[in-house]
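Next comes upload14.txt, with compact mmCIF, C-alpha atoms and all ligand atoms.
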```txt
# COMPACT_ATOMS: atom_id res chain seq x y z
CA MET K 121 -35.00 4.07 7.18
CA GLU K 122 -37.24 5.55 4.46
CA LEU K 123 -37.03 4.15 0.92
CA LYS K 124 -35.85 7.53 -0.35
CA GLU K 125 -33.02 7.61 2.17
CA GLN K 126 -31.99 4.03 1.33
CA ALA K 127 -32.01 4.86 -2.40
CA GLY K 128 -29.86 7.92 -1.68
CA ALA K 129 -27.28 5.83 0.19
CA LEU K 130 -27.21 3.26 -2.59
CA LEU K 131 -26.82 5.84 -5.33
CA GLU K 132 -24.05 7.58 -3.43
CA SER K 133 -22.09 4.34 -3.84
CA ALA K 134 -22.77 4.37 -7.59
CA ALA K 135 -21.60 8.00 -7.74
CA GLY K 136 -18.40 6.97 -5.91
CA TYR K 137 -17.81 4.35 -8.61
CA ILE K 138 -18.24 7.00 -11.30
CA ALA K 139 -15.77 9.26 -9.46
CA THR K 140 -13.30 6.35 -9.28
CA ARG K 141 -13.50 5.67 -13.03
CA THR K 142 -13.24 9.39 -13.81
CA ILE K 143 -10.13 9.73 -11.63
CA LYS K 144 -8.58 6.62 -13.17
CA ILE K 145 -9.08 7.99 -16.71
CA GLY K 146 -7.47 11.27 -15.61
CA LEU K 147 -4.49 9.41 -14.15
CA ASP K 148 -4.08 7.09 -17.15
CA HIS K 149 -4.06 9.97 -19.66
CA GLY K 150 -2.06 12.51 -17.67
CA LEU K 151 -5.00 14.94 -17.54
CA PHE K 152 -4.36 15.98 -13.93
CA GLU K 153 -0.71 16.71 -14.77
CA VAL K 154 -1.69 18.91 -17.72
CA ILE K 155 -4.17 20.89 -15.60
CA ALA K 156 -1.63 21.15 -12.74
CA GLU K 157 0.99 22.54 -15.14
CA ARG K 158 -1.13 24.77 -17.36
CA GLY K 159 -4.44 25.32 -15.54
CA PRO K 160 -6.96 26.76 -15.21
CA LEU K 161 -7.97 25.35 -18.59
CA SER K 162 -11.25 25.13 -20.47
CA SER K 163 -12.17 21.62 -21.57
CA GLY K 164 -11.32 22.69 -25.15
CA ASP K 165 -7.86 23.87 -24.08
CA LEU K 166 -7.36 20.65 -22.14
CA ALA K 167 -8.28 18.67 -25.27
CA GLY K 168 -5.64 20.57 -27.25
CA ALA K 169 -2.96 20.33 -24.57
CA ALA K 170 -3.52 16.64 -23.78
CA GLY K 171 -4.25 15.54 -27.36
CA ILE K 172 -7.73 14.18 -26.61
CA ASP K 173 -11.14 14.54 -28.25
CA GLN K 174 -13.01 17.79 -27.50
CA LEU K 175 -16.36 16.24 -26.55
CA TYR K 176 -14.68 13.57 -24.42
CA SER K 177 -12.66 16.25 -22.69
CA GLN K 178 -15.87 18.14 -21.89
CA VAL K 179 -17.50 15.02 -20.45
CA TRP K 180 -14.43 14.13 -18.40
CA CYS K 181 -14.04 17.67 -17.03
CA ARG K 182 -17.68 17.87 -16.03
CA SER K 183 -17.56 14.51 -14.24
CA ALA K 184 -14.27 15.39 -12.52
CA PHE K 185 -15.89 18.67 -11.45
CA ALA K 186 -19.00 16.80 -10.25
CA SER K 187 -16.77 14.42 -8.27
CA GLY K 188 -14.97 17.32 -6.58
CA VAL K 189 -11.47 16.76 -8.01
CA LEU K 190 -11.69 19.81 -10.29
CA VAL K 191 -12.96 23.25 -9.40
CA GLY K 192 -14.53 25.62 -11.91
CA HIS K 193 -13.44 29.14 -12.74
CA ASP K 194 -15.65 32.01 -13.97
CA ASP K 195 -14.27 31.85 -17.50
CA ASN K 196 -15.47 28.26 -17.94
CA ALA K 197 -12.07 26.86 -17.05
CA TYR K 198 -11.09 24.12 -14.64
CA ALA K 199 -8.31 23.84 -12.08
CA LEU K 200 -7.37 21.07 -9.66
CA ALA K 201 -9.32 21.22 -6.39
CA PRO K 202 -7.24 21.97 -3.26
CA HIS K 203 -4.69 19.25 -2.37
CA ILE K 204 -5.60 17.09 -5.39
CA GLU K 205 -2.12 17.51 -6.87
CA GLU K 206 -0.53 16.16 -3.68
CA LEU K 207 -3.12 13.43 -3.10
CA LEU K 208 -3.24 12.06 -6.64
CA LEU K 209 0.12 12.94 -8.20
CA ASN K 210 2.80 13.27 -5.56
CA GLN K 211 4.08 9.75 -4.90
CA ALA K 212 6.57 11.04 -2.35
CA SER K 213 3.83 12.42 -0.11
CA PRO K 214 2.65 10.44 2.93
CA ALA K 215 -0.86 11.51 1.86
CA TYR K 216 -0.57 10.01 -1.68
CA VAL K 217 -3.65 7.97 -2.64
CA GLY K 218 -3.32 7.96 -6.47
CA GLY K 219 -2.17 4.32 -6.43
CA LEU K 220 -5.41 3.24 -4.78
CA PHE K 221 -7.45 4.26 -7.84
CA LYS K 222 -5.16 2.13 -9.99
CA VAL K 223 -5.30 -0.89 -7.67
CA ILE K 224 -9.06 -1.00 -7.30
CA THR K 225 -9.67 -0.82 -11.06
CA GLU K 226 -7.29 -3.67 -11.99
CA PRO K 227 -9.01 -7.02 -12.75
CA GLU K 228 -7.27 -8.71 -9.80
CA MET K 229 -9.37 -6.68 -7.38
CA PHE K 230 -12.92 -7.67 -8.30
CA ASP K 231 -13.13 -9.29 -11.76
CA VAL K 232 -11.03 -12.35 -10.97
CA PHE K 233 -12.89 -12.73 -7.66
CA SER K 234 -16.18 -12.68 -9.56
CA GLU K 235 -14.90 -15.25 -12.09
CA ASN K 236 -13.77 -17.54 -9.27
CA LEU K 237 -16.75 -17.01 -6.98
CA SER K 238 -18.29 -20.44 -7.61
CA SER K 239 -15.11 -22.48 -8.06
CA GLY K 240 -13.37 -20.86 -5.09
CA LYS K 241 -10.16 -21.03 -7.13
CA ARG K 242 -7.32 -19.08 -5.48
CA ILE K 243 -4.37 -17.40 -7.20
CA TRP K 244 -0.98 -16.12 -6.04
CA TRP K 245 1.25 -13.15 -6.84
CA ASP K 246 3.01 -14.93 -9.70
CA GLN K 247 -0.36 -15.10 -11.52
CA THR K 248 -0.98 -11.33 -11.29
CA SER K 249 -0.05 -8.82 -13.99
CA PRO K 250 2.95 -6.45 -13.96
CA GLN K 251 0.41 -3.55 -13.87
CA TRP K 252 -1.13 -4.98 -10.72
CA ILE K 253 2.27 -5.35 -9.03
CA ALA K 254 3.26 -1.80 -10.03
CA ALA K 255 -0.03 -0.37 -8.71
CA VAL K 256 0.35 -2.28 -5.43
CA GLY K 257 3.92 -0.95 -5.18
CA GLU K 258 2.59 2.61 -5.55
CA THR K 259 -0.11 2.14 -2.92
CA GLY K 260 2.32 0.36 -0.60
CA GLY K 261 4.71 3.24 -1.30
CA ALA K 262 2.58 5.69 0.68
CA PHE K 263 2.54 3.21 3.56
CA ASN K 264 6.34 3.00 3.34
CA THR K 265 6.60 6.81 3.27
CA ARG K 266 4.62 7.05 6.52
CA PHE K 267 6.38 4.04 8.06
CA ILE K 268 9.98 5.09 7.37
CA PRO K 269 11.18 7.21 9.15
CA GLU K 270 8.15 9.03 10.64
CA GLY K 271 6.32 5.97 12.03
CA LEU K 272 9.54 4.34 13.24
CA SER K 273 10.45 7.48 15.17
CA GLN K 274 7.36 6.91 17.35
CA ILE K 275 8.55 3.50 18.55
CA PRO K 276 10.77 3.80 21.62
CA GLY K 277 14.39 3.02 20.68
CA ALA K 278 13.67 1.63 17.18
CA ALA K 279 15.05 4.50 15.07
CA GLU K 280 18.16 4.68 17.29
CA ARG K 281 18.81 0.98 16.81
CA LEU K 282 18.48 1.28 13.03
CA ALA K 283 20.66 4.38 12.94
CA ALA K 284 23.38 2.57 14.90
CA GLY K 285 23.98 0.25 11.93
CA GLY K 286 23.76 -3.52 12.13
CA ARG K 287 21.49 -5.57 9.91
CA ALA K 288 17.83 -5.36 9.00
CA LEU K 289 15.63 -7.74 7.06
CA GLU K 290 12.51 -6.68 5.17
CA LEU K 291 10.07 -9.55 4.81
CA ALA K 292 7.85 -9.58 1.68
CA CYS K 293 9.86 -6.65 0.30
CA GLY K 294 7.94 -6.63 -3.01
CA THR K 295 9.42 -4.18 -5.50
CA GLY K 296 11.92 -2.80 -2.98
CA VAL K 297 10.38 0.57 -2.05
CA GLY K 298 10.86 -0.06 1.69
CA LEU K 299 14.45 -1.29 1.27
CA VAL K 300 15.43 1.91 -0.53
CA ARG K 301 13.76 4.03 2.14
CA LEU K 302 15.53 2.12 4.92
CA GLY K 303 18.84 2.38 3.09
CA THR K 304 18.41 6.11 2.54
CA GLU K 305 17.34 6.94 6.11
CA TYR K 306 19.86 4.69 7.84
CA PRO K 307 23.04 4.81 5.74
CA SER K 308 25.08 2.38 7.84
CA LEU K 309 22.44 -0.36 7.95
CA GLY K 310 23.10 -3.63 6.08
CA LEU K 311 19.91 -4.75 4.33
CA VAL K 312 18.33 -8.00 3.25
CA GLY K 313 15.02 -8.19 1.36
CA LEU K 314 13.03 -11.41 1.10
CA ASP K 315 10.06 -12.12 -1.15
CA GLY K 316 8.35 -15.19 -2.58
CA ASP K 317 7.64 -13.64 -6.00
CA ALA K 318 10.39 -13.59 -8.64
CA HIS K 319 8.92 -10.75 -10.74
CA SER K 320 8.68 -8.46 -7.68
CA LEU K 321 12.30 -9.28 -6.77
CA ARG K 322 13.52 -8.36 -10.26
CA ALA K 323 11.78 -4.99 -9.87
CA ALA K 324 13.34 -4.66 -6.39
CA ARG K 325 16.81 -5.36 -7.81
CA ALA K 326 16.35 -2.63 -10.44
CA ARG K 327 15.10 -0.13 -7.85
CA VAL K 328 17.95 -0.90 -5.43
CA ASP K 329 20.52 -0.59 -8.25
CA ASP K 330 19.00 2.70 -9.43
CA ALA K 331 19.27 4.03 -5.87
CA GLY K 332 23.02 3.20 -5.89
CA MET K 333 22.60 0.55 -3.17
CA SER K 334 23.60 -2.57 -5.15
CA GLY K 335 26.36 -3.64 -2.78
CA ARG K 336 24.38 -2.98 0.39
CA VAL K 337 21.21 -4.94 -0.27
CA GLU K 338 20.95 -8.71 -0.52
CA LEU K 339 17.75 -10.12 -2.02
CA LEU K 340 16.40 -13.57 -1.18
CA HIS K 341 13.76 -15.45 -3.18
CA SER K 342 12.02 -17.32 -0.41
CA GLY K 343 8.77 -17.81 1.47
CA MET K 344 8.57 -16.00 4.80
CA GLU K 345 7.80 -19.40 6.28
CA ASP K 346 11.28 -20.62 5.25
CA LEU K 347 13.19 -17.99 7.22
CA ASP K 348 15.54 -20.03 9.39
CA VAL K 349 18.36 -18.09 11.07
CA SER K 350 19.11 -17.23 14.71
CA ASP K 351 20.16 -13.96 16.37
CA GLU K 352 20.98 -12.34 13.04
CA TYR K 353 18.99 -9.10 12.71
CA ASP K 354 18.65 -5.88 14.70
CA ALA K 355 15.29 -5.28 13.09
CA ILE K 356 12.84 -7.11 10.86
CA THR K 357 10.35 -4.95 9.00
CA ILE K 358 7.31 -5.79 6.92
CA ASN K 359 4.89 -3.53 5.05
CA VAL K 360 1.27 -4.42 4.13
CA SER K 361 2.13 -8.11 3.95
CA MET K 362 2.10 -9.81 7.38
CA HIS K 363 -1.54 -10.79 6.87
CA GLU K 364 -0.40 -12.72 3.76
CA CYS K 365 1.64 -15.32 5.67
CA ARG K 366 0.71 -18.86 4.73
CA ASP K 367 1.50 -19.90 8.30
CA ILE K 368 1.57 -16.83 10.54
CA GLU K 369 2.52 -18.75 13.68
CA LYS K 370 5.54 -20.28 11.93
CA VAL K 371 6.62 -16.91 10.53
CA THR K 372 6.29 -15.17 13.91
CA ALA K 373 8.33 -17.89 15.61
CA ALA K 374 10.95 -17.58 12.86
CA VAL K 375 11.03 -13.78 13.25
CA TYR K 376 11.57 -14.12 16.99
CA ARG K 377 14.43 -16.56 16.40
CA ALA K 378 16.01 -14.42 13.71
CA LEU K 379 16.16 -11.28 15.87
CA LYS K 380 19.11 -10.44 18.08
CA PRO K 381 18.22 -9.87 21.76
CA GLY K 382 16.53 -6.47 22.00
CA GLY K 383 15.85 -6.50 18.25
CA TYR K 384 12.62 -5.10 16.82
CA PHE K 385 9.85 -6.60 14.74
CA LEU K 386 8.13 -3.70 12.95
CA ASN K 387 4.87 -4.58 11.23
CA SER K 388 3.25 -1.84 9.13
CA ASP K 389 -0.19 -2.99 7.99
CA PHE K 390 -3.88 -2.27 7.50
CA PRO K 391 -5.69 -2.38 10.87
CA PHE K 392 -8.86 -4.21 9.84
CA PRO K 393 -11.70 -2.94 12.09
CA ASP K 394 -12.98 -5.34 14.72
CA THR K 395 -16.40 -3.70 15.13
CA ALA K 396 -19.49 -3.40 12.93
CA GLU K 397 -19.34 0.41 13.23
CA GLY K 398 -15.68 0.35 12.18
CA ILE K 399 -16.46 -1.58 9.00
CA ARG K 400 -19.13 0.97 8.05
CA THR K 401 -16.67 3.90 8.08
CA VAL K 402 -14.93 5.01 4.86
CA PRO K 403 -11.62 3.39 5.97
CA GLY K 404 -13.55 0.24 6.90
CA ARG K 405 -15.25 0.20 3.50
CA LEU K 406 -11.91 0.61 1.73
CA MET K 407 -10.34 -2.21 3.74
CA SER K 408 -13.40 -4.39 3.04
CA GLY K 409 -12.61 -3.83 -0.64
CA VAL K 410 -9.00 -4.95 -0.15
CA GLN K 411 -10.37 -8.18 1.35
CA PHE K 412 -11.55 -9.26 -2.14
CA PHE K 413 -7.96 -9.57 -3.37
CA GLU K 414 -6.82 -11.01 -0.04
CA ALA K 415 -9.45 -13.75 -0.36
CA LEU K 416 -8.18 -14.52 -3.87
CA ILE K 417 -4.71 -15.16 -2.45
CA ASP K 418 -6.29 -17.08 0.43
CA ASP K 419 -5.91 -14.71 3.37
CA GLN K 420 -7.66 -11.79 5.04
CA LEU K 421 -6.55 -8.51 6.60
CA LEU K 422 -6.14 -8.73 10.38
CA GLY K 423 -6.82 -6.40 13.31
CA VAL K 424 -4.32 -4.72 15.60
CA GLY K 425 -5.51 -6.85 18.56
CA TYR K 426 -4.78 -10.01 16.60
CA TYR K 427 -1.15 -8.95 16.07
CA LEU K 428 -0.60 -7.96 19.69
CA ASP K 429 -1.90 -11.36 20.88
CA LEU K 430 0.30 -13.06 18.30
CA PHE K 431 3.42 -11.27 19.56
CA ASP K 432 2.56 -12.05 23.19
CA ARG K 433 2.05 -15.72 22.34
CA HIS K 434 5.52 -15.86 20.82
CA GLY K 435 7.28 -14.44 23.86
CA PHE K 436 8.24 -10.92 22.74
CA ALA K 437 9.20 -8.67 25.66
CA ASP K 438 7.59 -5.33 24.70
CA THR K 439 4.82 -4.66 22.20
CA GLY K 440 2.95 -1.56 21.04
CA VAL K 441 0.86 0.11 18.36
CA VAL K 442 1.38 3.34 16.42
CA GLU K 443 -1.71 4.49 14.54
CA LEU K 444 -0.60 6.49 11.52
CA THR K 445 -3.91 6.90 9.63
CA PRO K 446 -7.29 5.14 9.88
CA VAL K 447 -6.03 2.59 7.31
CA HIS K 448 -2.49 2.25 8.61
CA ALA K 449 -1.01 1.12 11.91
CA ILE K 450 2.37 -0.21 12.99
CA THR K 451 2.26 -3.02 15.49
CA TRP K 452 5.70 -3.62 16.94
CA ALA K 453 7.40 -6.05 19.27
CA LYS K 454 10.83 -6.22 20.86
CA LYS K 455 12.67 -9.48 21.58
C1 LIG F 501 1.06 -6.27 -0.81
S1 LIG F 501 2.59 -6.71 -1.48
C2 LIG F 501 3.64 -5.61 -0.58
C3 LIG F 501 5.01 -5.51 -1.09
C4 LIG F 501 5.91 -4.53 -0.34
N1 LIG F 501 6.06 -4.87 1.05
C5 LIG F 501 5.40 -3.09 -0.48
O1 LIG F 501 5.21 -2.44 0.51
O2 LIG F 501 5.23 -2.63 -1.63
C6 LIG F 501 2.86 -8.30 -0.72
C7 LIG F 501 4.17 -8.97 -1.06
O3 LIG F 501 4.32 -10.08 -0.19
C8 LIG F 501 4.86 -11.18 -0.90
N2 LIG F 501 4.43 -12.38 -0.16
C9 LIG F 501 3.16 -12.71 0.17
N3 LIG F 501 3.15 -13.84 0.89
C10 LIG F 501 4.43 -14.23 1.01
C11 LIG F 501 5.05 -15.33 1.68
N4 LIG F 501 4.34 -16.21 2.36
N5 LIG F 501 6.40 -15.40 1.63
C12 LIG F 501 7.13 -14.48 0.94
N6 LIG F 501 6.59 -13.43 0.29
C13 LIG F 501 5.26 -13.31 0.33
C14 LIG F 501 4.29 -11.04 -2.30
O4 LIG F 501 5.09 -11.70 -3.24
C15 LIG F 501 4.27 -9.52 -2.47
O5 LIG F 501 5.46 -9.06 -3.06
```
Serialized structure, structure tokens:
Amino acid sequence: MELKEQAGALLESAAGYIATRTIKIGLDHGLFEVIAERGPLSSGDLAGAAGIDQLYSQVWCRSAFASGVLVGHDDNAYALAPHIEELLLNQASPAYVGGLFKVITEPEMFDVFSENLSSGKRIWWDQTSPQWIAAVGETGGAFNTRFIPEGLSQIPGAAERLAAGGRALELACGTGVGLVRLGTEYPSLGLVGLDGDAHSLRAARARVDDAGMSGRVELLHSGMEDLDVSDEYDAITINVSMHECRDIEKVTAAVYRALKPGGYFLNSDFPFPDTAEGIRTVPGRLMSGVQFFEALIDDQLLGVGYYLDLFDRHGFADTGVVELTPVHAITWAKK
């Protein structure tokens, strides 16, 4: 590779960082919303409408245009580029990625890692900020949107079993986004959510109550490793969290025990690439970024093959994979 080419590749990464910070500023200050509602707008009009400084508005608009999230109009005005409203603002969309720009700019992603690089000090969820937990909930939300019900409908028999009622457990339920989706899609399902972090569970309780599901959803403050029931659930779900088990063998054995015969374990997670080429793709680069936080909490993302071997080792009857996007796959197993 020529020096010029190498420099170009390096600087493209720096430009991506600038795009990330520009997008985050736009999200923090509602600039995309203002343009979506009132655009096309000149930077001066945006300054007036959003209550921001004129020069700063001009700088932000130009950088957002340079990054491809705004398009320019002849009369020196800006509008959102195609699909940006859905991708950055619509949290109900399966394509929503706005949360990602919040997650990767919180200190928990890189700054704390950098501070702890020499000491190797680890942290856990109860040492993260409410902003971090909210941003993770938003990013995990898009995974939940794709998982329930669309992803589940691609697993033979799973949606039918959930629709028939019975009981389901969501492991590592976080702020309760998945529980509310399950409860909404499958109205006769009894639901239990389990999480090891008290702050996340308080947010889950509020979300479940707001959704009018107070009486239907039981919440347990517990480690996944402490799950200890037999033949209790028709399905056990988990979203972007299985890789966080402290003892994944123990949890998988407990999941197997806790399922009724024919019950489903449904694991929605990042499929970390298992090849060098895979890591060099954009999805691979994004997942390599997630590994910084995972290392801080003393784990790493895992590959699809790892999960399938794990399920086989624990005696599940059927297993399979549903690839939903390059950063999202469901690995499933039936008891
Ligand atoms: C990435 S968040 C995902 C939360 C939720 N599933 C979602 O989709 O938004 C991971 C969650 O797993 C919980 N967690 C991680 N390890 C755990 C463990 N060993 N036992 C119980 N909960 C755990 C954390 O408290 C956190 O709420």
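Restricting the atom set to all atoms listed in the file, one finds that the residues within 6 Å of ligand LIG 501 (chain F) amount to Trp245, Gly257, Gly260, Gly261, Ala292, Cys293, Gly294, Thr295, Asp315, Gly316, Asp317, Ser320, Ser342, Gly343, Met344, Asn359, Val360, Ser361, Glu364, Cys365 and Arg366 of chain K.
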Would you list the residues near (20.6, 3.2, 17.9) (no more than 12 Å away, in the coordinates of the file, using all atoms listed in the file) as a PDB file with C-alpha atoms, in the coordinates of the input?
```
ATOM      1  CA  SER K 273      10.450   7.480  15.170  1.00  0.00           C
ATOM      2  CA  PRO K 276      10.770   3.800  21.620  1.00  0.00           C
ATOM      3  CA  GLY K 277      14.390   3.020  20.680  1.00  0.00           C
ATOM      4  CA  ALA K 278      13.670   1.630  17.180  1.00  0.00           C
ATOM      5  CA  ALA K 279      15.050   4.500  15.070  1.00  0.00           C
ATOM      6  CA  GLU K 280      18.160   4.680  17.290  1.00  0.00           C
ATOM      7  CA  ARG K 281      18.810   0.980  16.810  1.00  0.00           C
ATOM      8  CA  LEU K 282      18.480   1.280  13.030  1.00  0.00           C
ATOM      9  CA  ALA K 283      20.660   4.380  12.940  1.00  0.00           C
ATOM     10  CA  ALA K 284      23.380   2.570  14.900  1.00  0.00           C
ATOM     11  CA  GLY K 285      23.980   0.250  11.930  1.00  0.00           C
ATOM     12  CA  GLY K 286      23.760  -3.520  12.130  1.00  0.00           C
ATOM     13  CA  ARG K 287      21.490  -5.570   9.910  1.00  0.00           C
ATOM     14  CA  TYR K 306      19.860   4.690   7.840  1.00  0.00           C
ATOM     15  CA  SER K 308      25.080   2.380   7.840  1.00  0.00           C
ATOM     16  CA  LEU K 309      22.440  -0.360   7.950  1.00  0.00           C
ATOM     17  CA  ASP K 354      18.650  -5.880  14.700  1.00  0.00           C
ATOM     18  CA  ALA K 355      15.290  -5.280  13.090  1.00  0.00           C
ATOM     19  CA  GLY K 382      16.530  -6.470  22.000  1.00  0.00           C
ATOM     20  CA  GLY K 383      15.850  -6.500  18.250  1.00  0.00           C
ATOM     21  CA  TYR K 384      12.620  -5.100  16.820  1.00  0.00           C
TER      22      TYR K 384
END
```
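Among the candidate residues K:Pro214, K:Pro391, K:Pro227, K:Gly171, the one lying nearest to Thr248 in chain K is K:Pro227, with distances computed using only C-alpha atoms.
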I'd like the contact shell of Thr372 in chain K - 9 Å cut-off, only C-alpha atoms, skipping same-chain residues fewer than 6 positions apart - returned as a PDB file with C-alpha atoms, in the coordinates of the input.
```pdb
ATOM      1  CA  GLU K 345       7.800 -19.400   6.280  1.00  0.00           C
ATOM      2  CA  LEU K 430       0.300 -13.060  18.300  1.00  0.00           C
ATOM      3  CA  PHE K 431       3.420 -11.270  19.560  1.00  0.00           C
ATOM      4  CA  HIS K 434       5.520 -15.860  20.820  1.00  0.00           C
TER       5      HIS K 434
END
```
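When only C-alpha atoms are used to compute distances to Leu299 in chain K, the closest of the residues K:Asp148, K:Asp329, K:Glu122, K:Glu352 turns out to be K:Asp329.
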Determine, using only C-alpha atoms, which residues of range 359-402 of chain K have any atom at most 9 Å from an atom of range 438-449 of chain K, and tabulate each with its shortest atom pair and distance in Å to one decimal place, rows ordered by chain and then rising number, as a tab-separated table.
```
residue	atom	partner	partner_atom	distance
K:Val360	CA	K:His448	CA	8.9
K:Asn387	CA	K:Ala449	CA	8.2
K:Ser388	CA	K:Ala449	CA	5.9
K:Asp389	CA	K:Ala449	CA	5.7
K:Phe390	CA	K:His448	CA	4.9
K:Pro391	CA	K:Ala449	CA	5.9
K:Phe392	CA	K:Val447	CA	7.8
```
What would the file look like if the residues just selected were written as an mmCIF file, keeping the file's coordinate frame with C-alpha atoms?
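Contents of the output file part-v7.cif:
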```cif
data_model
loop_
_atom_site.group_PDB
_atom_site.id
_atom_site.type_symbol
_atom_site.label_atom_id
_atom_site.label_comp_id
_atom_site.auth_asym_id
_atom_site.auth_seq_id
_atom_site.Cartn_x
_atom_site.Cartn_y
_atom_site.Cartn_z
ATOM 1 C CA VAL K 360 1.270 -4.420 4.130
ATOM 2 C CA ASN K 387 4.870 -4.580 11.230
ATOM 3 C CA SER K 388 3.250 -1.840 9.130
ATOM 4 C CA ASP K 389 -0.190 -2.990 7.990
ATOM 5 C CA PHE K 390 -3.880 -2.270 7.500
ATOM 6 C CA PRO K 391 -5.690 -2.380 10.870
ATOM 7 C CA PHE K 392 -8.860 -4.210 9.840
#
```
Using all atoms listed in the file, determine which residues lie at most 9 Å from range 410-419 of chain K, disregarding the query and same-chain residues fewer than 6 positions distant; provide the list as JSON, numbers by chain. {"K": [224, 228, 229, 230, 232, 233, 236, 240, 241, 242, 243, 244, 245, 363, 364, 365, 366]}
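Checking K:Thr357, K:Ser183, K:Thr304, K:Ser350 one by one against Gly332 in chain K, counting only C-alpha atoms, you find the shortest gap at K:Thr304.
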So which one's closest to Ser213 in chain K, K:Asn264, K:Gln274, K:Gln420, K:Thr451? Using all atoms listed in the file, please. K:Asn264
Where is the centre and how long are the edges: axis-aligned box on range 217-235 of chain K, 6 Å on each side, Å to one decimal, as JSON:
```
{"center_x": -9.2, "center_y": -3.6, "center_z": -7.7, "size_x": 26.0, "size_y": 35.2, "size_z": 22.1}
```
Residues at most 7 Å from Gly219 in chain K, counting all atoms listed in the file, excluding those fewer than 5 positions away in the same chain, as a list in words? Ala255, Glu258 and Thr259 of chain K
Can I get range 258-270 of chain K with N, CA and C atoms filled in, as a PDB file, in the frame of the given file?
```
ATOM      1  N   GLU K 258       2.886   1.183  -5.757  1.00  0.00           N
ATOM      2  CA  GLU K 258       2.590   2.610  -5.550  1.00  0.00           C
ATOM      3  C   GLU K 258       1.759   2.838  -4.296  1.00  0.00           C
ATOM      4  N   THR K 259       0.748   1.988  -4.099  1.00  0.00           N
ATOM      5  CA  THR K 259      -0.110   2.140  -2.920  1.00  0.00           C
ATOM      6  C   THR K 259       0.693   1.813  -1.658  1.00  0.00           C
ATOM      7  N   GLY K 260       1.450   0.721  -1.727  1.00  0.00           N
ATOM      8  CA  GLY K 260       2.320   0.360  -0.600  1.00  0.00           C
ATOM      9  C   GLY K 260       3.368   1.427  -0.354  1.00  0.00           C
ATOM     10  N   GLY K 261       3.706   2.177  -1.415  1.00  0.00           N
ATOM     11  CA  GLY K 261       4.710   3.240  -1.300  1.00  0.00           C
ATOM     12  C   GLY K 261       4.315   4.282  -0.279  1.00  0.00           C
ATOM     13  N   ALA K 262       3.035   4.682  -0.293  1.00  0.00           N
ATOM     14  CA  ALA K 262       2.580   5.690   0.680  1.00  0.00           C
ATOM     15  C   ALA K 262       2.665   5.131   2.096  1.00  0.00           C
ATOM     16  N   PHE K 263       2.397   3.838   2.231  1.00  0.00           N
ATOM     17  CA  PHE K 263       2.540   3.210   3.560  1.00  0.00           C
ATOM     18  C   PHE K 263       4.009   3.255   3.982  1.00  0.00           C
ATOM     19  N   ASN K 264       4.896   2.948   3.028  1.00  0.00           N
ATOM     20  CA  ASN K 264       6.340   3.000   3.340  1.00  0.00           C
ATOM     21  C   ASN K 264       6.771   4.419   3.708  1.00  0.00           C
ATOM     22  N   THR K 265       6.229   5.416   3.002  1.00  0.00           N
ATOM     23  CA  THR K 265       6.600   6.810   3.270  1.00  0.00           C
ATOM     24  C   THR K 265       6.224   7.180   4.714  1.00  0.00           C
ATOM     25  N   ARG K 266       5.045   6.727   5.144  1.00  0.00           N
ATOM     26  CA  ARG K 266       4.620   7.050   6.520  1.00  0.00           C
ATOM     27  C   ARG K 266       5.379   6.221   7.558  1.00  0.00           C
ATOM     28  N   PHE K 267       5.725   4.999   7.148  1.00  0.00           N
ATOM     29  CA  PHE K 267       6.380   4.040   8.060  1.00  0.00           C
ATOM     30  C   PHE K 267       7.816   4.464   8.346  1.00  0.00           C
ATOM     31  N   ILE K 268       8.545   4.831   7.261  1.00  0.00           N
ATOM     32  CA  ILE K 268       9.980   5.090   7.370  1.00  0.00           C
ATOM     33  C   ILE K 268      10.283   6.512   6.913  1.00  0.00           C
ATOM     34  N   PRO K 269      10.770   7.424   7.765  1.00  0.00           N
ATOM     35  CA  PRO K 269      11.180   7.210   9.150  1.00  0.00           C
ATOM     36  C   PRO K 269      10.146   7.663  10.172  1.00  0.00           C
ATOM     37  N   GLU K 270       9.053   8.372   9.694  1.00  0.00           N
ATOM     38  CA  GLU K 270       8.150   9.030  10.640  1.00  0.00           C
ATOM     39  C   GLU K 270       7.540   8.029  11.652  1.00  0.00           C
TER      40      GLU K 270
END
```
